[in-house]
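Written below as structure tokens is the structure these notes are about.
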Amino acid sequence: MGWSTASADTTLPDDGAHTVRVALGARAYDVLIGPGLLGKAPSLIDCRIGARRCAVVTDKNVAAWHLGPLEAGLKALGRYAGAVVLEPGEATKSFRELGPLCERLLEMSLERGDLVVALGGGVIGDLAGFAASILRRGVRYVHIPTTLLAQVDSSVGGKTGINTPQGKNLIGTFHQPSLVVTDTAVLTTLPARELRSGYAEVAKYGLIGDAAFFDWLDRNRHLILDHDAVALARAIERSVQMKAEIVARDETEAGERALLNFGHTFAHALEAWTGYSERLLHGEAVALGVCLALRLSEELQLCPAATADRVSAHLEAVGLSTRLSQIPGGDKADAIELVRLMGQDKKVRDGRLTLILARGIGQAFAMPEVDAALVREFLARELKRELHLQPRLPDG
Ligand SMILES: NC(=O)c1ccc[n+]([C@@H]2O[C@H](COP(=O)([O-])OP(=O)(O)OC[C@H]3O[C@@H](n4cnc5c(N)ncnc54)[C@H](O)[C@@H]3O)[C@@H](O)[C@H]2O)c1
Ligand SMILES: [Zn+2]
């Protein structure tokens, strides 16, 4: 799956936006990518969907920077139903917020032909998408993703949902958006730590299926982190193409879509272990997870030696931690507990795990029936080896 051989339908319309089509038959939609698209979103929605009224769902941080132009454009078109501005943070993806959100949308008299517009990161996209999927038995929604993670991952593929005390994302629906408007310029207001965290998902696409893309990232990662508009658009476009291709072949994760979880079984355990807190953001956990998956692949002699070192060096140059001992309290991690937490993951049955491993960069595959004891011993060795490793990377 090389850089120039993508099969997703990608075009460059006159306004300079890249378009990636998510080919899902009657539920197909476009992802538009480019700088400055937020201001054009009202007219893009108007031309492409023509919904009667739009209710915007966002969070306080995003609203402070980016709600104004969207609101003004929708008002000018006579399409604006109002905005619901929620608290930022993972806790917002909850039943506690879902009920009042749906009621607010009903109070705005949102009808079945109207539209929910999710302006925000993955939290807002997941919650607003879920609300849209159940409101009046389903209304359409548009996502305007404002974090790098949401731009390359959560805005594409239609997984919506909320968290419960029993776990993350256990309640939800598949509800595809009608349009995704990805403005690369909104990333300039995103905290640097969030940008780096999202970058881990970009690198993941190279690792799972496109070695040439990973090589390109190796040469251009500094441009992406410096918000270079061309490099950002290219990285996001390639990531979205890859996700779109996989989702189009396996919308409900019966098989291939699981490859997108490369590094994620480890990552989810680490996120649970750190209490889904500021100690470890999702993408930060993914960076650690892909390195663990590659080191395990090397140990099992599935993948050439030094692959994990190359990827670790790349991610560390970006400012991401790649070893357990580098996360706050990581030196106290316990292999038994981590494997128990991996067992909470949906991909585990009877002490056997399905792990996404790799034969090399760009060559991830699903390995079913991996013995949990083998993974426990691997993690115990990793932790032992790391006890006297370098201090964790500086913040900021
Ligand atoms: N649906 C899916 O397929 C999918 C895939 C991956 C992740 N997710 C979900 O995504 C969520 C994480 O999303 P996220 O990483 O985008 O986090 P987030 O939505 O919590 O955003 C991170 C922080 O950045 C702030 N922010 C967002 N955009 C900003 C901007 N442009 N300028 C300034 N601040 C901004 C937010 O207010 C928040 O404080 C998790 O709940 C995860 O489960 C879903
Ligand atoms: Zn992820």
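Letters for chains follow the order of the structure tokens (A, B, ...), residue numbers begin at 1 for each chain, and ligand numbers begin at 1 in the order shown.
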Let me have all residues with an atom within 9 Å of ligand 2, counting only C-alpha atoms and all ligand atoms, laid out as an mmCIF file with N, CA, C and O atoms, in the first residue's frame.
data_model
loop_
_atom_site.group_PDB
_atom_site.id
_atom_site.type_symbol
_atom_site.label_atom_id
_atom_site.label_comp_id
_atom_site.auth_asym_id
_atom_site.auth_seq_id
_atom_site.Cartn_x
_atom_site.Cartn_y
_atom_site.Cartn_z
ATOM 1 N N LEU A 149 -5.951 14.014 16.491
ATOM 2 C CA LEU A 149 -6.486 12.659 16.665
ATOM 3 C C LEU A 149 -7.852 12.519 15.990
ATOM 4 O O LEU A 149 -8.114 11.558 15.274
ATOM 5 N N ASP A 153 -8.537 10.118 12.817
ATOM 6 C CA ASP A 153 -9.055 8.849 13.326
ATOM 7 C C ASP A 153 -10.550 8.908 13.637
ATOM 8 O O ASP A 153 -11.383 8.398 12.882
ATOM 9 N N SER A 154 -10.920 9.595 14.738
ATOM 10 C CA SER A 154 -12.286 9.398 15.232
ATOM 11 C C SER A 154 -13.363 9.998 14.338
ATOM 12 O O SER A 154 -14.513 9.576 14.401
ATOM 13 N N GLY A 198 -1.890 13.101 18.993
ATOM 14 C CA GLY A 198 -2.541 12.749 17.729
ATOM 15 C C GLY A 198 -1.548 12.236 16.705
ATOM 16 O O GLY A 198 -1.867 11.367 15.883
ATOM 17 N N ALA A 200 0.822 10.269 17.144
ATOM 18 C CA ALA A 200 1.053 8.824 17.315
ATOM 19 C C ALA A 200 0.112 8.015 16.416
ATOM 20 O O ALA A 200 0.490 6.982 15.856
ATOM 21 N N GLU A 201 -1.122 8.522 16.244
ATOM 22 C CA GLU A 201 -2.079 7.801 15.376
ATOM 23 C C GLU A 201 -1.672 7.943 13.904
ATOM 24 O O GLU A 201 -1.863 7.026 13.109
ATOM 25 N N LYS A 204 0.956 5.519 13.309
ATOM 26 C CA LYS A 204 0.354 4.179 13.310
ATOM 27 C C LYS A 204 -0.072 3.752 11.896
ATOM 28 O O LYS A 204 0.113 2.603 11.514
ATOM 29 N N LEU A 260 -6.478 -1.380 12.697
ATOM 30 C CA LEU A 260 -6.375 0.004 13.174
ATOM 31 C C LEU A 260 -6.082 0.046 14.670
ATOM 32 O O LEU A 260 -5.724 1.081 15.212
ATOM 33 N N ASN A 261 -6.263 -1.110 15.320
ATOM 34 C CA ASN A 261 -5.987 -1.180 16.762
ATOM 35 C C ASN A 261 -4.543 -1.558 17.045
ATOM 36 O O ASN A 261 -4.225 -1.977 18.159
ATOM 37 N N PHE A 262 -3.661 -1.416 16.054
ATOM 38 C CA PHE A 262 -2.243 -1.721 16.288
ATOM 39 C C PHE A 262 -1.755 -0.934 17.514
ATOM 40 O O PHE A 262 -1.936 0.289 17.583
ATOM 41 N N GLY A 263 -1.175 -1.639 18.471
ATOM 42 C CA GLY A 263 -0.677 -0.988 19.696
ATOM 43 C C GLY A 263 -1.746 -0.696 20.726
ATOM 44 O O GLY A 263 -1.444 -0.285 21.843
ATOM 45 N N HIS A 264 -3.032 -0.888 20.341
ATOM 46 C CA HIS A 264 -4.119 -0.416 21.195
ATOM 47 C C HIS A 264 -4.458 -1.352 22.349
ATOM 48 O O HIS A 264 -5.008 -0.894 23.353
ATOM 49 N N ALA A 267 -2.145 -0.214 24.758
ATOM 50 C CA ALA A 267 -2.486 1.179 25.090
ATOM 51 C C ALA A 267 -3.694 1.243 26.013
ATOM 52 O O ALA A 267 -3.699 1.989 26.995
ATOM 53 N N HIS A 268 -4.720 0.438 25.710
ATOM 54 C CA HIS A 268 -5.930 0.492 26.541
ATOM 55 C C HIS A 268 -5.621 0.046 27.970
ATOM 56 O O HIS A 268 -6.149 0.605 28.936
ATOM 57 N N HIS A 282 -4.496 9.389 25.212
ATOM 58 C CA HIS A 282 -4.689 8.194 24.383
ATOM 59 C C HIS A 282 -3.542 7.981 23.387
ATOM 60 O O HIS A 282 -2.966 6.898 23.319
ATOM 61 N N GLY A 283 -3.196 9.029 22.653
ATOM 62 C CA GLY A 283 -2.134 8.875 21.653
ATOM 63 C C GLY A 283 -0.789 8.554 22.297
ATOM 64 O O GLY A 283 0.030 7.823 21.721
ATOM 65 N N ALA A 285 -0.451 6.777 24.937
ATOM 66 C CA ALA A 285 -0.530 5.338 25.221
ATOM 67 C C ALA A 285 -0.331 4.528 23.935
ATOM 68 O O ALA A 285 0.301 3.464 23.946
ATOM 69 N N VAL A 286 -0.830 5.058 22.823
ATOM 70 C CA VAL A 286 -0.668 4.355 21.539
ATOM 71 C C VAL A 286 0.811 4.300 21.143
ATOM 72 O O VAL A 286 1.306 3.271 20.653
#
Quiz prompt | Nearby residues (only C-alpha atoms) at most 8 Å from Ile361 (chain A), same-chain spacing under 4 positions excluded, as a list of chain:residue names | solution =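 These residues fall inside the cut-off: A:Gly206, A:Leu207, A:Ile208, A:Gly209, A:Asp210, A:Ala211, A:Phe214, A:Thr307.
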For those residues, write all heavy atoms to a file as a JSON list (two decimals), in the first residue's frame.
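File part_26.json, as written:
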[["chain", "number", "residue", "atom", "x", "y", "z"],
["A", 206, "GLY", "N", 1.26, 4.55, 9.03],
["A", 206, "GLY", "CA", 2.45, 4.09, 8.32],
["A", 206, "GLY", "C", 2.84, 2.70, 8.78],
["A", 206, "GLY", "O", 3.17, 1.83, 7.97],
["A", 207, "LEU", "N", 2.80, 2.51, 10.08],
["A", 207, "LEU", "CA", 3.25, 1.23, 10.64],
["A", 207, "LEU", "C", 2.36, 0.07, 10.23],
["A", 207, "LEU", "O", 2.84, -1.03, 9.99],
["A", 207, "LEU", "CB", 3.33, 1.32, 12.17],
["A", 207, "LEU", "CG", 4.36, 2.34, 12.69],
["A", 207, "LEU", "CD1", 4.28, 2.45, 14.21],
["A", 207, "LEU", "CD2", 5.77, 1.95, 12.26],
["A", 208, "ILE", "N", 1.04, 0.33, 10.15],
["A", 208, "ILE", "CA", 0.17, -0.81, 9.81],
["A", 208, "ILE", "C", 0.20, -1.16, 8.33],
["A", 208, "ILE", "O", 0.12, -2.33, 7.99],
["A", 208, "ILE", "CB", -1.29, -0.65, 10.30],
["A", 208, "ILE", "CG1", -1.99, 0.55, 9.66],
["A", 208, "ILE", "CG2", -1.38, -0.60, 11.80],
["A", 208, "ILE", "CD1", -3.46, 0.67, 10.07],
["A", 209, "GLY", "N", 0.37, -0.16, 7.45],
["A", 209, "GLY", "CA", 0.20, -0.54, 6.06],
["A", 209, "GLY", "C", 0.92, 0.27, 5.00],
["A", 209, "GLY", "O", 0.67, 0.06, 3.81],
["A", 210, "ASP", "N", 1.80, 1.18, 5.38],
["A", 210, "ASP", "CA", 2.42, 2.00, 4.33],
["A", 210, "ASP", "C", 3.82, 2.45, 4.76],
["A", 210, "ASP", "O", 4.00, 3.53, 5.33],
["A", 210, "ASP", "CB", 1.52, 3.21, 4.04],
["A", 210, "ASP", "CG", 1.98, 3.98, 2.80],
["A", 210, "ASP", "OD1", 3.13, 3.78, 2.36],
["A", 210, "ASP", "OD2", 1.17, 4.78, 2.28],
["A", 211, "ALA", "N", 4.80, 1.61, 4.46],
["A", 211, "ALA", "CA", 6.19, 1.89, 4.86],
["A", 211, "ALA", "C", 6.68, 3.18, 4.21],
["A", 211, "ALA", "O", 7.44, 3.94, 4.83],
["A", 211, "ALA", "CB", 7.09, 0.72, 4.48],
["A", 214, "PHE", "N", 5.60, 6.00, 6.25],
["A", 214, "PHE", "CA", 6.41, 6.12, 7.47],
["A", 214, "PHE", "C", 7.76, 6.78, 7.15],
["A", 214, "PHE", "O", 8.24, 7.63, 7.89],
["A", 214, "PHE", "CB", 6.60, 4.76, 8.16],
["A", 214, "PHE", "CG", 7.22, 4.90, 9.53],
["A", 214, "PHE", "CD1", 6.44, 5.27, 10.62],
["A", 214, "PHE", "CD2", 8.58, 4.72, 9.71],
["A", 214, "PHE", "CE1", 7.01, 5.45, 11.88],
["A", 214, "PHE", "CE2", 9.15, 4.90, 10.97],
["A", 214, "PHE", "CZ", 8.37, 5.26, 12.05],
["A", 307, "THR", "N", 13.68, -3.01, 14.23],
["A", 307, "THR", "CA", 12.49, -2.30, 13.76],
["A", 307, "THR", "C", 11.92, -1.44, 14.90],
["A", 307, "THR", "O", 11.62, -0.25, 14.72],
["A", 307, "THR", "CB", 11.40, -3.30, 13.30],
["A", 307, "THR", "OG1", 11.99, -4.21, 12.37],
["A", 307, "THR", "CG2", 10.23, -2.60, 12.64]]
Practice problem: Just the alpha helix (DSSP H) stuff from region 140-376 of chain A, please, per backbone DSSP, written as a PyMOL selection string. | Solution: chain A and resi 148-149+192-209+211-225+229-249+264-273+282-299+307-318+335-342+372-376
Sorted per-residue table, chain A near ligand 1, closest atoms and distance, 7 Å, only C-alpha atoms and all ligand atoms, as JSON lines:
{"residue": "A:Asp59", "atom": "CA", "partner": "ligand 1", "partner_atom_place_in_ligand_line": "37 (O)", "distance": 5.7}
{"residue": "A:Lys60", "atom": "CA", "partner": "ligand 1", "partner_atom_place_in_ligand_line": "37 (O)", "distance": 6.5}
{"residue": "A:Asn61", "atom": "CA", "partner": "ligand 1", "partner_atom_place_in_ligand_line": "37 (O)", "distance": 4.4}
{"residue": "A:Val62", "atom": "CA", "partner": "ligand 1", "partner_atom_place_in_ligand_line": "29 (C)", "distance": 5.0}
{"residue": "A:Trp65", "atom": "CA", "partner": "ligand 1", "partner_atom_place_in_ligand_line": "32 (N)", "distance": 6.6}
{"residue": "A:Pro88", "atom": "CA", "partner": "ligand 1", "partner_atom_place_in_ligand_line": "37 (O)", "distance": 4.5}
{"residue": "A:Gly89", "atom": "CA", "partner": "ligand 1", "partner_atom_place_in_ligand_line": "20 (O)", "distance": 4.6}
{"residue": "A:Glu90", "atom": "CA", "partner": "ligand 1", "partner_atom_place_in_ligand_line": "20 (O)", "distance": 5.6}
{"residue": "A:Lys93", "atom": "CA", "partner": "ligand 1", "partner_atom_place_in_ligand_line": "41 (O)", "distance": 6.8}
{"residue": "A:Gly120", "atom": "CA", "partner": "ligand 1", "partner_atom_place_in_ligand_line": "28 (N)", "distance": 5.3}
{"residue": "A:Gly121", "atom": "CA", "partner": "ligand 1", "partner_atom_place_in_ligand_line": "19 (O)", "distance": 3.3}
{"residue": "A:Gly122", "atom": "CA", "partner": "ligand 1", "partner_atom_place_in_ligand_line": "13 (O)", "distance": 3.2}
{"residue": "A:Val123", "atom": "CA", "partner": "ligand 1", "partner_atom_place_in_ligand_line": "19 (O)", "distance": 3.9}
{"residue": "A:Ile124", "atom": "CA", "partner": "ligand 1", "partner_atom_place_in_ligand_line": "19 (O)", "distance": 5.7}
{"residue": "A:Asp126", "atom": "CA", "partner": "ligand 1", "partner_atom_place_in_ligand_line": "1 (N)", "distance": 5.4}
{"residue": "A:Thr146", "atom": "CA", "partner": "ligand 1", "partner_atom_place_in_ligand_line": "28 (N)", "distance": 4.2}
{"residue": "A:Thr147", "atom": "CA", "partner": "ligand 1", "partner_atom_place_in_ligand_line": "28 (N)", "distance": 4.5}
{"residue": "A:Leu148", "atom": "CA", "partner": "ligand 1", "partner_atom_place_in_ligand_line": "16 (O)", "distance": 6.9}
{"residue": "A:Leu149", "atom": "CA", "partner": "ligand 1", "partner_atom_place_in_ligand_line": "16 (O)", "distance": 5.2}
{"residue": "A:Ala150", "atom": "CA", "partner": "ligand 1", "partner_atom_place_in_ligand_line": "16 (O)", "distance": 4.8}
{"residue": "A:Asp153", "atom": "CA", "partner": "ligand 1", "partner_atom_place_in_ligand_line": "5 (C)", "distance": 5.2}
{"residue": "A:Ser154", "atom": "CA", "partner": "ligand 1", "partner_atom_place_in_ligand_line": "4 (C)", "distance": 3.6}
{"residue": "A:Ser155", "atom": "CA", "partner": "ligand 1", "partner_atom_place_in_ligand_line": "1 (N)", "distance": 6.5}
{"residue": "A:Val156", "atom": "CA", "partner": "ligand 1", "partner_atom_place_in_ligand_line": "3 (O)", "distance": 6.7}
{"residue": "A:Gly157", "atom": "CA", "partner": "ligand 1", "partner_atom_place_in_ligand_line": "3 (O)", "distance": 6.1}
{"residue": "A:Gly158", "atom": "CA", "partner": "ligand 1", "partner_atom_place_in_ligand_line": "1 (N)", "distance": 6.5}
{"residue": "A:Lys159", "atom": "CA", "partner": "ligand 1", "partner_atom_place_in_ligand_line": "1 (N)", "distance": 4.2}
{"residue": "A:Thr160", "atom": "CA", "partner": "ligand 1", "partner_atom_place_in_ligand_line": "1 (N)", "distance": 5.1}
{"residue": "A:Lys168", "atom": "CA", "partner": "ligand 1", "partner_atom_place_in_ligand_line": "43 (O)", "distance": 6.8}
{"residue": "A:Asn169", "atom": "CA", "partner": "ligand 1", "partner_atom_place_in_ligand_line": "43 (O)", "distance": 6.3}
{"residue": "A:Val186", "atom": "CA", "partner": "ligand 1", "partner_atom_place_in_ligand_line": "31 (N)", "distance": 4.7}
{"residue": "A:Leu187", "atom": "CA", "partner": "ligand 1", "partner_atom_place_in_ligand_line": "31 (N)", "distance": 4.8}
{"residue": "A:Thr188", "atom": "CA", "partner": "ligand 1", "partner_atom_place_in_ligand_line": "31 (N)", "distance": 6.8}
{"residue": "A:Thr189", "atom": "CA", "partner": "ligand 1", "partner_atom_place_in_ligand_line": "32 (N)", "distance": 4.0}
{"residue": "A:Leu190", "atom": "CA", "partner": "ligand 1", "partner_atom_place_in_ligand_line": "32 (N)", "distance": 3.7}
{"residue": "A:Pro191", "atom": "CA", "partner": "ligand 1", "partner_atom_place_in_ligand_line": "33 (C)", "distance": 6.1}
{"residue": "A:Glu194", "atom": "CA", "partner": "ligand 1", "partner_atom_place_in_ligand_line": "22 (C)", "distance": 6.3}
{"residue": "A:Gly198", "atom": "CA", "partner": "ligand 1", "partner_atom_place_in_ligand_line": "15 (O)", "distance": 6.7}
{"residue": "A:His282", "atom": "CA", "partner": "ligand 1", "partner_atom_place_in_ligand_line": "15 (O)", "distance": 6.6}
Give me a file of those residues, with C-alpha atoms, as a PDB file, in the first residue's frame.
ATOM      1  CA  ASP A  59     -16.818  22.165  24.191  1.00  0.00           C
ATOM      2  CA  LYS A  60     -15.753  25.310  26.037  1.00  0.00           C
ATOM      3  CA  ASN A  61     -12.128  25.270  24.854  1.00  0.00           C
ATOM      4  CA  VAL A  62     -13.062  24.838  21.204  1.00  0.00           C
ATOM      5  CA  TRP A  65     -11.399  29.749  19.649  1.00  0.00           C
ATOM      6  CA  PRO A  88     -14.103  19.716  27.898  1.00  0.00           C
ATOM      7  CA  GLY A  89     -12.756  16.307  28.832  1.00  0.00           C
ATOM      8  CA  GLU A  90     -13.424  12.595  28.669  1.00  0.00           C
ATOM      9  CA  LYS A  93     -18.743  11.282  27.107  1.00  0.00           C
ATOM     10  CA  GLY A 120     -14.462  19.465  18.536  1.00  0.00           C
ATOM     11  CA  GLY A 121     -12.184  16.550  19.219  1.00  0.00           C
ATOM     12  CA  GLY A 122     -13.010  12.898  19.657  1.00  0.00           C
ATOM     13  CA  VAL A 123     -15.003  13.478  22.825  1.00  0.00           C
ATOM     14  CA  ILE A 124     -17.442  15.858  21.126  1.00  0.00           C
ATOM     15  CA  ASP A 126     -18.323  10.555  19.775  1.00  0.00           C
ATOM     16  CA  THR A 146     -10.463  20.082  15.835  1.00  0.00           C
ATOM     17  CA  THR A 147      -7.766  17.772  17.241  1.00  0.00           C
ATOM     18  CA  LEU A 148      -5.226  15.900  15.137  1.00  0.00           C
ATOM     19  CA  LEU A 149      -6.486  12.659  16.665  1.00  0.00           C
ATOM     20  CA  ALA A 150     -10.054  13.418  15.595  1.00  0.00           C
ATOM     21  CA  ASP A 153      -9.055   8.849  13.326  1.00  0.00           C
ATOM     22  CA  SER A 154     -12.286   9.398  15.232  1.00  0.00           C
ATOM     23  CA  SER A 155     -14.058  11.578  12.635  1.00  0.00           C
ATOM     24  CA  VAL A 156     -13.887   8.780  10.044  1.00  0.00           C
ATOM     25  CA  GLY A 157     -15.661   5.463  10.345  1.00  0.00           C
ATOM     26  CA  GLY A 158     -18.878   6.203  12.201  1.00  0.00           C
ATOM     27  CA  LYS A 159     -18.116   4.774  15.634  1.00  0.00           C
ATOM     28  CA  THR A 160     -19.993   6.879  18.163  1.00  0.00           C
ATOM     29  CA  LYS A 168     -14.728   3.147  27.744  1.00  0.00           C
ATOM     30  CA  ASN A 169     -16.877   3.204  24.621  1.00  0.00           C
ATOM     31  CA  VAL A 186      -7.595  24.976  13.749  1.00  0.00           C
ATOM     32  CA  LEU A 187      -4.701  22.832  14.988  1.00  0.00           C
ATOM     33  CA  THR A 188      -2.668  25.987  15.659  1.00  0.00           C
ATOM     34  CA  THR A 189      -4.679  26.519  18.866  1.00  0.00           C
ATOM     35  CA  LEU A 190      -4.385  22.900  19.979  1.00  0.00           C
ATOM     36  CA  PRO A 191      -2.011  22.382  22.952  1.00  0.00           C
ATOM     37  CA  GLU A 194      -2.469  17.061  22.202  1.00  0.00           C
ATOM     38  CA  GLY A 198      -2.541  12.749  17.729  1.00  0.00           C
ATOM     39  CA  HIS A 282      -4.689   8.194  24.383  1.00  0.00           C
TER      40      HIS A 282
END
Quiz item: What's the 6 Å shell around region 52-54 of chain A, counting only C-alpha atoms, without same-chain residues fewer than 6 positions away, as a ChimeraX atom specification?
Solution: /A:79-81,114-116
Restricting the output to N, CA and C atoms, write the selected residues as a PDB file, in the first residue's frame.
ATOM      1  N   ARG A  79     -29.503  29.182   8.873  1.00  0.00           N
ATOM      2  CA  ARG A  79     -29.529  27.746   9.190  1.00  0.00           C
ATOM      3  C   ARG A  79     -29.275  27.450  10.663  1.00  0.00           C
ATOM      4  N   TYR A  80     -29.066  28.474  11.470  1.00  0.00           N
ATOM      5  CA  TYR A  80     -28.531  28.248  12.815  1.00  0.00           C
ATOM      6  C   TYR A  80     -29.645  27.970  13.823  1.00  0.00           C
ATOM      7  N   ALA A  81     -29.568  26.784  14.470  1.00  0.00           N
ATOM      8  CA  ALA A  81     -30.571  26.442  15.490  1.00  0.00           C
ATOM      9  C   ALA A  81     -30.065  26.750  16.888  1.00  0.00           C
ATOM     10  N   ASP A 114     -33.030  17.864   9.945  1.00  0.00           N
ATOM     11  CA  ASP A 114     -32.023  18.836  10.396  1.00  0.00           C
ATOM     12  C   ASP A 114     -30.706  18.126  10.691  1.00  0.00           C
ATOM     13  N   LEU A 115     -29.760  18.924  11.186  1.00  0.00           N
ATOM     14  CA  LEU A 115     -28.384  18.418  11.254  1.00  0.00           C
ATOM     15  C   LEU A 115     -27.748  18.758  12.600  1.00  0.00           C
ATOM     16  N   VAL A 116     -26.998  17.795  13.137  1.00  0.00           N
ATOM     17  CA  VAL A 116     -26.142  18.072  14.293  1.00  0.00           C
ATOM     18  C   VAL A 116     -24.736  18.314  13.745  1.00  0.00           C
TER      19      VAL A 116
END
Which region 170-239 of chain A residues have any atom within 10 Å of an atom of region 25-30 of chain A, and for each, what is the nearest pair of atoms with distance in Å to one decimal, counting only C-alpha atoms, rows sorted by chain and number, as CSV?
residue,atom,partner,partner_atom,distance
A:His175,CA,A:Arg27,CA,9.2
A:Gln176,CA,A:Arg27,CA,6.8
A:Pro177,CA,A:Tyr29,CA,7.2
A:Ser178,CA,A:Tyr29,CA,5.5
A:Leu179,CA,A:Asp30,CA,5.5
A:Val180,CA,A:Asp30,CA,6.4
A:Val181,CA,A:Asp30,CA,8.4
Quiz item: Do you know which residues are at most 9 Å from Leu315 (chain A) counting only C-alpha atoms, after dropping those on the same chain fewer than 5 positions away, and could you put them as a PyMOL selection string?
Solution: chain A and resi 199-200+203+287+310+320-322
Would you export the selected residues with all heavy atoms as a PDB file, in the first residue's frame, please?
ATOM      1  N   TYR A 199      -0.318  12.748  16.784  1.00  0.00           N
ATOM      2  CA  TYR A 199       0.709  12.316  15.827  1.00  0.00           C
ATOM      3  C   TYR A 199       0.960  10.810  15.932  1.00  0.00           C
ATOM      4  O   TYR A 199       1.258  10.145  14.934  1.00  0.00           O
ATOM      5  CB  TYR A 199       2.014  13.095  16.043  1.00  0.00           C
ATOM      6  CG  TYR A 199       3.082  12.690  15.063  1.00  0.00           C
ATOM      7  CD1 TYR A 199       3.181  13.321  13.826  1.00  0.00           C
ATOM      8  CD2 TYR A 199       3.943  11.627  15.336  1.00  0.00           C
ATOM      9  CE1 TYR A 199       4.116  12.915  12.903  1.00  0.00           C
ATOM     10  CE2 TYR A 199       4.893  11.221  14.418  1.00  0.00           C
ATOM     11  CZ  TYR A 199       4.972  11.864  13.202  1.00  0.00           C
ATOM     12  OH  TYR A 199       5.897  11.450  12.282  1.00  0.00           O
ATOM     13  N   ALA A 200       0.822  10.269  17.144  1.00  0.00           N
ATOM     14  CA  ALA A 200       1.053   8.824  17.315  1.00  0.00           C
ATOM     15  C   ALA A 200       0.112   8.015  16.416  1.00  0.00           C
ATOM     16  O   ALA A 200       0.490   6.982  15.856  1.00  0.00           O
ATOM     17  CB  ALA A 200       0.862   8.430  18.781  1.00  0.00           C
ATOM     18  N   ALA A 203       1.446   8.171  12.795  1.00  0.00           N
ATOM     19  CA  ALA A 203       2.543   7.217  12.613  1.00  0.00           C
ATOM     20  C   ALA A 203       1.995   5.789  12.527  1.00  0.00           C
ATOM     21  O   ALA A 203       2.489   4.970  11.750  1.00  0.00           O
ATOM     22  CB  ALA A 203       3.532   7.345  13.768  1.00  0.00           C
ATOM     23  N   ALA A 287       1.544   5.400  21.380  1.00  0.00           N
ATOM     24  CA  ALA A 287       2.981   5.413  21.051  1.00  0.00           C
ATOM     25  C   ALA A 287       3.696   4.303  21.816  1.00  0.00           C
ATOM     26  O   ALA A 287       4.491   3.541  21.245  1.00  0.00           O
ATOM     27  CB  ALA A 287       3.581   6.779  21.388  1.00  0.00           C
ATOM     28  N   ARG A 310      13.970   1.647  15.590  1.00  0.00           N
ATOM     29  CA  ARG A 310      13.776   2.729  14.617  1.00  0.00           C
ATOM     30  C   ARG A 310      12.489   3.500  14.928  1.00  0.00           C
ATOM     31  O   ARG A 310      12.473   4.737  14.912  1.00  0.00           O
ATOM     32  CB  ARG A 310      13.710   2.145  13.196  1.00  0.00           C
ATOM     33  CG  ARG A 310      13.469   3.235  12.187  1.00  0.00           C
ATOM     34  CD  ARG A 310      13.411   2.779  10.754  1.00  0.00           C
ATOM     35  NE  ARG A 310      12.961   3.910   9.942  1.00  0.00           N
ATOM     36  CZ  ARG A 310      12.314   3.801   8.795  1.00  0.00           C
ATOM     37  NH1 ARG A 310      12.088   2.605   8.270  1.00  0.00           N
ATOM     38  NH2 ARG A 310      11.919   4.874   8.145  1.00  0.00           N
ATOM     39  N   LEU A 320       7.369  11.872  22.215  1.00  0.00           N
ATOM     40  CA  LEU A 320       6.480  10.872  22.823  1.00  0.00           C
ATOM     41  C   LEU A 320       7.307   9.853  23.606  1.00  0.00           C
ATOM     42  O   LEU A 320       8.414   9.498  23.196  1.00  0.00           O
ATOM     43  CB  LEU A 320       5.680  10.159  21.721  1.00  0.00           C
ATOM     44  CG  LEU A 320       4.598  11.027  21.063  1.00  0.00           C
ATOM     45  CD1 LEU A 320       4.233  10.482  19.682  1.00  0.00           C
ATOM     46  CD2 LEU A 320       3.354  11.091  21.956  1.00  0.00           C
ATOM     47  N   SER A 321       6.759   9.391  24.708  1.00  0.00           N
ATOM     48  CA  SER A 321       7.426   8.349  25.485  1.00  0.00           C
ATOM     49  C   SER A 321       7.242   7.003  24.796  1.00  0.00           C
ATOM     50  O   SER A 321       6.187   6.737  24.214  1.00  0.00           O
ATOM     51  CB  SER A 321       6.825   8.259  26.887  1.00  0.00           C
ATOM     52  OG  SER A 321       7.017   9.469  27.567  1.00  0.00           O
ATOM     53  N   THR A 322       8.262   6.176  24.849  1.00  0.00           N
ATOM     54  CA  THR A 322       8.151   4.873  24.178  1.00  0.00           C
ATOM     55  C   THR A 322       8.457   3.710  25.125  1.00  0.00           C
ATOM     56  O   THR A 322       8.456   2.577  24.702  1.00  0.00           O
ATOM     57  CB  THR A 322       9.123   4.799  22.982  1.00  0.00           C
ATOM     58  OG1 THR A 322      10.449   4.953  23.486  1.00  0.00           O
ATOM     59  CG2 THR A 322       8.830   5.872  21.951  1.00  0.00           C
TER      60      THR A 322
END
Self-check item: Separation of CA of Asp250 (chain A) from CA of Ile171 (chain A), in Å and rounded to one decimal
Solution: 20.1 Å
Quiz item: Which of these, A:Val311, A:Leu270, A:Arg279, A:Arg221, has the shortest distance to Gly362 (chain A) once you count only C-alpha atoms?
Solution: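 For Gly362 (chain A), the nearest of the given residues is A:Val311.
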Exercise. Would you mind listing what lies within 12 Å of Asp228 (chain A) as an MDAnalysis selection string, with only C-alpha atoms counted and same-chain residues fewer than 5 positions away left out?
Key: chainID A and resid 34:35 184:185 187:188 220:223 233:236
Self-check item: Polymer residues at most 8 Å from Pro368 (chain A), only C-alpha atoms, same-chain spacing of 4 or more positions, as an NGL selection string
Solution: :A and (352-355)
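Note that the spacing between CA of Ala372 (chain A) and CA of Asn163 (chain A) amounts to 25.9 Å.
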Quiz item: Of the candidates A:Gly113, A:Gly68, A:Pro304, A:Pro165, which shows the shortest atom-to-atom distance to Tyr276 (chain A), using only C-alpha atoms?
Solution: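 Checking each of A:Gly113, A:Gly68, A:Pro304, A:Pro165 against Tyr276 (chain A), counting only C-alpha atoms, the winner is A:Pro165.
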